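Okay, work24.cif is below, mmCIF, C-alpha atoms and all ligand atoms:
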```cif
data_data
#
loop_
_atom_site.label_atom_id
_atom_site.label_comp_id
_atom_site.auth_asym_id
_atom_site.auth_seq_id
_atom_site.Cartn_x
_atom_site.Cartn_y
_atom_site.Cartn_z
CA MET V 1 -28.51 1.70 12.53
CA THR V 2 -27.00 0.90 9.12
CA ARG V 3 -23.40 -0.31 9.41
CA VAL V 4 -21.18 0.78 6.53
CA ILE V 5 -17.58 0.21 5.43
CA VAL V 6 -16.14 2.77 2.99
CA THR V 7 -12.69 2.40 1.46
CA GLY V 8 -10.84 5.56 0.47
CA GLY V 9 -13.10 7.71 2.61
CA ALA V 10 -10.44 10.23 3.63
CA ARG V 11 -11.06 12.57 0.72
CA GLY V 12 -12.70 13.07 -2.66
CA ILE V 13 -15.71 10.99 -3.62
CA GLY V 14 -15.10 8.67 -0.68
CA ALA V 15 -15.35 11.55 1.81
CA ALA V 16 -18.66 12.56 0.20
CA ILE V 17 -19.88 8.96 0.50
CA VAL V 18 -18.93 8.96 4.18
CA GLU V 19 -20.81 12.25 4.68
CA HIS V 20 -23.85 10.81 2.88
CA PHE V 21 -24.09 7.81 5.19
CA VAL V 22 -23.19 9.65 8.41
CA SER V 23 -25.85 12.27 7.62
CA ALA V 24 -28.36 9.45 7.25
CA GLY V 25 -27.46 8.19 10.74
CA ALA V 26 -25.24 5.29 9.71
CA GLU V 27 -22.30 3.93 11.66
CA VAL V 28 -19.27 4.12 9.35
CA VAL V 29 -15.79 2.57 9.32
CA VAL V 30 -13.32 4.07 6.84
CA LEU V 31 -10.41 2.08 5.44
CA ASP V 32 -7.73 4.44 4.10
CA ARG V 33 -3.99 4.94 4.14
CA ASP V 34 -4.44 8.69 4.65
CA PRO V 35 -5.72 10.31 7.84
CA VAL V 36 -9.48 10.74 8.17
CA GLU V 37 -10.24 14.18 9.56
CA ARG V 38 -13.72 13.61 10.91
CA THR V 39 -14.21 12.19 14.41
CA ASP V 40 -17.67 10.66 13.98
CA VAL V 41 -16.37 7.60 12.11
CA VAL V 42 -13.90 4.86 12.92
CA ALA V 43 -10.79 5.07 10.74
CA ILE V 44 -8.58 2.07 10.05
CA ASP V 45 -5.18 2.90 8.58
CA VAL V 46 -4.43 0.39 5.79
CA ASP V 47 -2.64 0.25 2.46
CA LEU V 48 -5.20 -1.49 0.28
CA ALA V 49 -2.44 -2.52 -2.12
CA GLU V 50 -1.47 -5.08 0.55
CA ALA V 51 -3.89 -8.01 0.39
CA ALA V 52 -3.20 -9.48 3.84
CA ASP V 53 -3.53 -6.06 5.49
CA THR V 54 -6.75 -5.41 3.58
CA ARG V 55 -8.24 -8.67 4.84
CA THR V 56 -7.19 -7.89 8.41
CA ALA V 57 -8.68 -4.39 8.17
CA GLY V 58 -11.93 -5.74 6.73
CA LEU V 59 -12.32 -8.28 9.53
CA ALA V 60 -11.51 -5.58 12.11
CA ALA V 61 -14.18 -3.32 10.58
CA VAL V 62 -16.82 -6.06 10.80
CA GLU V 63 -15.87 -6.75 14.42
CA ARG V 64 -16.00 -3.07 15.27
CA LEU V 65 -19.44 -2.65 13.66
CA GLY V 66 -20.81 -5.96 14.92
CA GLY V 67 -21.66 -6.92 11.33
CA VAL V 68 -21.96 -4.97 8.11
CA ASP V 69 -24.90 -3.90 5.95
CA VAL V 70 -23.15 -1.88 3.21
CA VAL V 71 -19.66 -2.09 1.75
CA VAL V 72 -18.51 0.70 -0.56
CA ASN V 73 -15.34 -0.23 -2.42
CA ASN V 74 -14.40 3.31 -3.41
CA ALA V 75 -10.61 3.63 -3.09
CA GLY V 76 -8.80 3.87 -6.38
CA ILE V 77 -5.70 5.31 -7.97
CA PHE V 78 -5.18 6.86 -11.38
CA ASP V 79 -2.11 7.14 -13.55
CA SER V 80 -1.78 8.47 -17.07
CA THR V 81 1.00 6.82 -19.08
CA PRO V 82 1.10 5.75 -22.75
CA LEU V 83 0.57 2.01 -23.11
CA LEU V 84 4.06 1.42 -24.50
CA GLU V 85 5.61 3.06 -21.43
CA ILE V 86 3.66 1.51 -18.55
CA ASP V 87 6.06 -0.43 -16.31
CA VAL V 88 5.10 -3.64 -14.53
CA ASP V 89 5.12 -2.11 -11.04
CA THR V 90 2.72 0.66 -12.05
CA TRP V 91 0.41 -1.81 -13.81
CA ASP V 92 0.42 -4.11 -10.78
CA ARG V 93 -0.20 -1.32 -8.26
CA VAL V 94 -3.17 0.05 -10.25
CA PHE V 95 -4.73 -3.42 -10.35
CA ALA V 96 -3.84 -4.16 -6.70
CA VAL V 97 -5.66 -1.06 -5.42
CA ASN V 98 -8.42 -0.74 -8.01
CA VAL V 99 -9.42 -4.40 -8.33
CA ARG V 100 -7.71 -6.86 -5.97
CA ALA V 101 -8.51 -4.84 -2.85
CA MET V 102 -12.21 -5.10 -3.75
CA VAL V 103 -11.90 -8.88 -4.09
CA THR V 104 -10.01 -9.20 -0.82
CA LEU V 105 -12.45 -7.01 1.10
CA MET V 106 -15.48 -8.88 -0.27
CA GLN V 107 -13.84 -12.20 0.67
CA ALA V 108 -13.30 -10.89 4.20
CA VAL V 109 -16.70 -9.33 4.85
CA VAL V 110 -19.39 -10.86 2.62
CA PRO V 111 -19.59 -14.05 4.73
CA SER V 112 -20.76 -11.76 7.58
CA MET V 113 -23.41 -10.00 5.50
CA ALA V 114 -27.08 -10.84 5.97
CA ALA V 115 -29.75 -10.94 3.26
CA GLY V 116 -30.64 -7.40 2.23
CA SER V 117 -27.04 -6.19 2.49
CA THR V 118 -25.32 -4.49 -0.43
CA VAL V 119 -21.93 -3.90 -2.00
CA VAL V 120 -21.28 -0.85 -4.20
CA ASN V 121 -18.04 -0.63 -6.16
CA LEU V 122 -16.59 2.49 -7.78
CA ALA V 123 -15.83 1.74 -11.41
CA SER V 124 -15.52 4.55 -13.97
CA MET V 125 -16.66 5.53 -17.43
CA GLY V 126 -13.03 4.71 -18.20
CA GLY V 127 -14.04 1.08 -17.77
CA LYS V 128 -16.55 1.40 -20.61
CA ALA V 129 -14.93 3.99 -22.86
CA GLY V 130 -11.29 4.64 -21.93
CA GLU V 131 -8.92 7.29 -23.19
CA PRO V 132 -5.31 7.34 -24.41
CA GLY V 133 -2.93 6.99 -21.48
CA GLN V 134 -5.45 4.99 -19.45
CA ALA V 135 -4.70 1.40 -20.53
CA HIS V 136 -4.03 0.25 -16.95
CA TYR V 137 -6.69 2.45 -15.30
CA ALA V 138 -9.38 1.71 -17.91
CA ALA V 139 -8.62 -2.02 -17.88
CA SER V 140 -8.81 -2.05 -14.08
CA LYS V 141 -12.20 -0.33 -14.15
CA ALA V 142 -13.48 -2.72 -16.84
CA ALA V 143 -12.38 -5.46 -14.44
CA VAL V 144 -14.43 -3.83 -11.67
CA ILE V 145 -17.51 -3.95 -13.92
CA SER V 146 -16.96 -7.67 -14.64
CA LEU V 147 -16.13 -8.39 -11.00
CA THR V 148 -19.36 -6.67 -9.97
CA ARG V 149 -21.44 -8.83 -12.33
CA VAL V 150 -19.92 -12.10 -11.14
CA ALA V 151 -20.11 -11.08 -7.47
CA ALA V 152 -23.81 -10.25 -8.00
CA MET V 153 -24.35 -13.74 -9.46
CA GLU V 154 -22.47 -15.48 -6.65
CA PHE V 155 -23.84 -13.41 -3.74
CA GLY V 156 -27.42 -13.18 -5.05
CA PRO V 157 -28.44 -16.46 -3.40
CA ARG V 158 -27.33 -14.93 -0.07
CA GLY V 159 -29.64 -11.98 -0.72
CA VAL V 160 -26.65 -9.66 -1.15
CA ARG V 161 -26.79 -7.23 -4.09
CA VAL V 162 -23.65 -5.94 -5.81
CA ASN V 163 -23.57 -2.94 -8.16
CA CYS V 164 -21.04 -0.44 -9.41
CA VAL V 165 -21.12 3.24 -10.29
CA CYS V 166 -19.32 4.64 -13.31
CA PRO V 167 -18.62 8.34 -12.73
CA GLY V 168 -17.42 10.54 -15.55
CA TYR V 169 -15.12 13.43 -14.71
CA VAL V 170 -15.38 14.53 -11.07
CA LEU V 171 -13.07 17.22 -9.78
CA THR V 172 -11.04 15.61 -6.98
CA ASP V 173 -7.34 15.05 -6.30
CA LEU V 174 -7.43 11.93 -8.52
CA GLY V 175 -6.33 13.48 -11.81
CA ALA V 176 -4.08 16.49 -12.31
CA ALA V 177 -5.98 17.28 -15.53
CA GLY V 178 -8.79 18.58 -13.33
CA ARG V 179 -6.61 21.52 -12.42
CA ASP V 180 -6.42 22.69 -16.06
CA PRO V 181 -9.35 25.11 -16.66
CA ALA V 182 -9.28 24.50 -20.42
CA ARG V 183 -9.65 20.72 -19.91
CA VAL V 184 -12.44 21.26 -17.40
CA ALA V 185 -14.28 23.59 -19.82
CA ALA V 186 -13.94 20.98 -22.57
CA TRP V 187 -15.32 18.29 -20.28
CA GLU V 188 -18.26 20.49 -19.32
CA ALA V 189 -18.96 21.15 -23.00
CA GLY V 190 -19.03 17.39 -23.59
CA SER V 191 -21.98 16.95 -21.24
CA PRO V 192 -25.47 17.60 -22.64
CA LEU V 193 -26.15 19.21 -19.27
CA GLY V 194 -23.04 21.38 -19.64
CA ARG V 195 -21.70 20.30 -16.27
CA LEU V 196 -19.58 17.81 -14.37
CA SER V 197 -20.92 15.65 -11.57
CA THR V 198 -19.91 16.48 -8.00
CA PRO V 199 -18.63 14.09 -5.32
CA ALA V 200 -21.86 14.59 -3.35
CA GLU V 201 -23.93 13.65 -6.41
CA ILE V 202 -21.90 10.46 -6.92
CA ALA V 203 -22.39 9.71 -3.22
CA GLY V 204 -26.15 10.03 -3.76
CA VAL V 205 -26.02 7.44 -6.54
CA VAL V 206 -23.98 5.15 -4.27
CA GLY V 207 -26.57 5.65 -1.53
CA PHE V 208 -29.38 4.76 -3.94
CA LEU V 209 -27.64 1.53 -5.03
CA ALA V 210 -26.88 0.67 -1.40
CA GLY V 211 -30.42 1.26 -0.17
CA PRO V 212 -33.90 -0.29 -0.40
CA ASP V 213 -35.07 1.84 -3.35
CA SER V 214 -32.76 -0.12 -5.68
CA VAL V 215 -33.91 -3.61 -4.67
CA PRO V 216 -34.51 -4.79 -8.29
CA ILE V 217 -30.98 -3.77 -9.32
CA THR V 218 -27.95 -6.03 -9.05
CA GLY V 219 -24.93 -6.66 -11.27
CA GLU V 220 -25.44 -3.18 -12.78
CA ALA V 221 -22.79 -0.68 -13.86
CA MET V 222 -24.64 2.62 -13.55
CA ASN V 223 -23.33 5.62 -15.46
CA ALA V 224 -23.09 8.84 -13.45
CA SER V 225 -21.41 11.19 -15.91
CA SER V 226 -24.00 13.95 -16.36
CA GLY V 227 -24.59 12.39 -19.77
CA HIS V 228 -20.99 12.79 -20.92
CA TRP V 229 -21.07 9.14 -21.89
CA MET V 230 -24.17 7.10 -22.71
CA THR V 231 -22.66 3.68 -23.36
N1 LIG V 301 -12.50 11.72 -9.79
C1 LIG V 301 -12.95 11.20 -10.94
O1 LIG V 301 -13.05 11.91 -11.97
C2 LIG V 301 -13.38 9.76 -11.01
C3 LIG V 301 -14.01 9.32 -12.17
C4 LIG V 301 -14.41 8.00 -12.27
C5 LIG V 301 -14.16 7.13 -11.23
N2 LIG V 301 -13.54 7.57 -10.10
C6 LIG V 301 -13.29 6.58 -9.05
O2 LIG V 301 -13.85 7.02 -7.83
C7 LIG V 301 -13.06 6.54 -6.74
C8 LIG V 301 -12.66 7.70 -5.87
O3 LIG V 301 -11.90 8.60 -6.63
P1 LIG V 301 -11.54 10.09 -6.12
O4 LIG V 301 -11.60 10.96 -7.30
O5 LIG V 301 -12.33 10.42 -4.92
O6 LIG V 301 -9.99 9.88 -5.73
P2 LIG V 301 -9.10 10.64 -4.64
O7 LIG V 301 -7.70 10.47 -5.08
O8 LIG V 301 -9.61 12.02 -4.41
O9 LIG V 301 -9.35 9.80 -3.31
C9 LIG V 301 -8.99 8.43 -3.26
C10 LIG V 301 -9.03 7.94 -1.83
O10 LIG V 301 -8.57 6.58 -1.83
C11 LIG V 301 -7.49 6.44 -0.89
N3 LIG V 301 -6.54 5.45 -1.37
C12 LIG V 301 -5.91 5.42 -2.57
N4 LIG V 301 -5.04 4.39 -2.62
C13 LIG V 301 -5.12 3.77 -1.41
C14 LIG V 301 -4.46 2.65 -0.84
N5 LIG V 301 -3.51 1.98 -1.51
N6 LIG V 301 -4.78 2.28 0.40
C15 LIG V 301 -5.71 2.98 1.09
N7 LIG V 301 -6.37 4.04 0.63
C16 LIG V 301 -6.07 4.44 -0.62
C17 LIG V 301 -6.86 7.83 -0.84
O11 LIG V 301 -6.08 8.01 0.35
C18 LIG V 301 -8.08 8.75 -0.92
O12 LIG V 301 -8.67 8.94 0.34
C19 LIG V 301 -11.87 5.81 -7.38
O13 LIG V 301 -12.12 4.43 -7.42
C20 LIG V 301 -11.82 6.39 -8.77
O14 LIG V 301 -11.18 5.54 -9.70
C21 LIG V 301 -13.15 8.87 -9.97
#
```

Mind turning the file's structure into structure tokens?
Ligand SMILES: NC(=O)c1ccc[n+]([C@@H]2O[C@H](COP(=O)([O-])OP(=O)(O)OC[C@H]3O[C@@H](n4cnc5c(N)ncnc54)[C@H](O)[C@@H]3O)[C@@H](O)[C@H]2O)c1
Amino acid sequence: MTRVIVTGGARGIGAAIVEHFVSAGAEVVVLDRDPVERTDVVAIDVDLAEAADTRTAGLAAVERLGGVDVVVNNAGIFDSTPLLEIDVDTWDRVFAVNVRAMVTLMQAVVPSMAAGSTVVNLASMGGKAGEPGQAHYAASKAAVISLTRVAAMEFGPRGVRVNCVCPGYVLTDLGAAGRDPARVAAWEAGSPLGRLSTPAEIAGVVGFLAGPDSVPITGEAMNASSGHWMT
């Protein structure tokens, strides 16, 4: 049985990722600060902004699973503030959750991962393109893309692959703009397919990068934006 750790699996894309792996028969541990409603996974309550707690939670997850085959670093936070107005605490929290937690979790669990195991990180098209108001978020996601490449180089000799997914707009709780029908219509119009991607579709891409069909792929930042961006 595949053993999987998913951060931020309580809701949104993370919940869809959890559903994807559970449906495939995997054993899943979720690391989240919010309650996990499903009873067929193990939930560990942790604030991923706290590095020591993140390490402890990662080690506890590995112990609970008896090893780990797939790590999905999904948890992330978003904030929209003009660059000239971003305060230090907000900048630091965005980077603590969006980037440092991935580093800390990989440091905790990768030594336990056997050859053939995989790490999938959630980046964003913001990390390649960016938009006004996203200096901290976009920079953190660009950092995830770079982190993924270097992790792939360093963990490759262990037989561990590391990739990231760059979703475009996905309607979740992450951004309030998703509740504005005019913005959503404009986003849909920006896709050649005339649509946004769903959490379940992003979960499918994560599952592909985590599984055996993507063996030749590592260090990749795969767009999953329904063609909204092609960078
Ligand atoms: N929704 C989008 O349009 C979109 C686009 C591109 C990338 N992404 C990325 O996908 C990932 C998931 O986004 P989402 O839209 O599902 O977000 P969401 O807000 O719906 O869910 C985020 C999850 O992470 C958890 N989380 C956040 N901060 C945490 C912390 N400090 N400690 C523990 N858990 C924490 C939340 O409790 C929640 O379960 C994020 O990394 C996000 O940046 C989302």

(request) Residues within 8 Å of ligand LIG 301 (chain V) should be enumerated using only C-alpha atoms and all ligand atoms and returned as a PyMOL selection string. (result) chain V and resi 7-15+31-35+45-50+73-78+97-98+121-126+137+141+166-175+199

(message) Within 7 Å of (-26.5, -1.3, -2.1) in the file's own coordinates, which protein, DNA or RNA residues have an atom, counting all atoms listed in the file? List them as a list of chain:residue names.
(response)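 Here is the list of nearby residues: V:Val70, V:Ser117, V:Thr118, V:Val119, V:Val120, V:Arg161, V:Val162, V:Asn163, V:Gly207, V:Phe208, V:Leu209, V:Ala210, V:Gly211.
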
(request) To one decimal in Å, tell me the separation between CA of Thr198 in chain V and CA of Cys164 in chain V. (result) 17.0 Å

Axis-aligned box for all listed atoms of range 169-185 of chain V, 3 Å per side, centre and edges in Å to one decimal, as lines of an AutoDock Vina configuration file:
```
center_x = -9.7
center_y = 18.5
center_z = -13.4
size_x = 17.3
size_y = 19.2
size_z = 20.1
```

(request) Please provide the set of residues having any atom within 10 Å of Trp91 in chain V, restricted to all atoms listed in the file, with same-chain residues fewer than 6 positions apart removed, written as a PyMOL selection string. (result) chain V and resi 79+135-137+139-140

What would the file look like if the residues just selected were written as a PDB file, in the coordinates of the input with C-alpha atoms?
```pdb
ATOM      1  CA  ASP V  79      -2.110   7.140 -13.550  1.00  0.00           C
ATOM      2  CA  ALA V 135      -4.700   1.400 -20.530  1.00  0.00           C
ATOM      3  CA  HIS V 136      -4.030   0.250 -16.950  1.00  0.00           C
ATOM      4  CA  TYR V 137      -6.690   2.450 -15.300  1.00  0.00           C
ATOM      5  CA  ALA V 139      -8.620  -2.020 -17.880  1.00  0.00           C
ATOM      6  CA  SER V 140      -8.810  -2.050 -14.080  1.00  0.00           C
TER       7      SER V 140
END
```

(message) Which residue is closest to Ala43 in chain V? Choose from V:Val160, V:Val18, V:Met153, V:Met222 and count only C-alpha atoms.
(response) V:Val18

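Considering all atoms listed in the file, the residue among V:Ala114, V:Leu65, V:Ala57, V:Ala152 positioned nearest to Thr218 in chain V is V:Ala152.
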
(message) With distances taken over all atoms listed in the file, which residue among V:Arg3, V:Lys128, V:Arg100, V:Arg55 lies nearest Asp69 in chain V?
(response)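 Of the candidates, the smallest distance to Asp69 in chain V is held by V:Arg3.
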
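Distance-wise, CA of Arg149 in chain V and CA of Thr2 in chain V end up 24.2 Å apart.
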
(request) May I ask which of the residues V:Trp187, V:Val206, V:Ala142, V:Gly219 is the closest one to Val4 in chain V, counting all atoms listed in the file? (result) V:Val206

(request) Enter the distance from CA of Thr90 in chain V to CA of Ala221 in chain V, in Å, rounded to one decimal. (result) 25.6 Å

(message) Between V:Ala182, V:Ala189, V:Met1, V:Pro82, which residue has the minimum interatomic distance to Ala24 in chain V, considering all atoms listed in the file?
(response) V:Met1

(message) Please determine, counting all atoms listed in the file, which residue among V:Val62, V:Leu84, V:Ile145, V:Ile17 has the shortest atom-to-atom distance to Met102 in chain V.
(response) V:Ile145

Find the residues near Ala16 in chain V: any atom within 9 Å, counting all atoms listed in the file, skip ones fewer than 6 places away on the same chain, and give them as an mmCIF file with C-alpha atoms, keeping the file's coordinate frame.
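For reference, result30.cif as written:
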```
data_model
loop_
_atom_site.group_PDB
_atom_site.id
_atom_site.type_symbol
_atom_site.label_atom_id
_atom_site.label_comp_id
_atom_site.auth_asym_id
_atom_site.auth_seq_id
_atom_site.Cartn_x
_atom_site.Cartn_y
_atom_site.Cartn_z
ATOM 1 C CA GLY V 9 -13.100 7.710 2.610
ATOM 2 C CA PRO V 199 -18.630 14.090 -5.320
ATOM 3 C CA ALA V 200 -21.860 14.590 -3.350
ATOM 4 C CA GLU V 201 -23.930 13.650 -6.410
ATOM 5 C CA ILE V 202 -21.900 10.460 -6.920
ATOM 6 C CA ALA V 203 -22.390 9.710 -3.220
ATOM 7 C CA GLY V 204 -26.150 10.030 -3.760
#
```
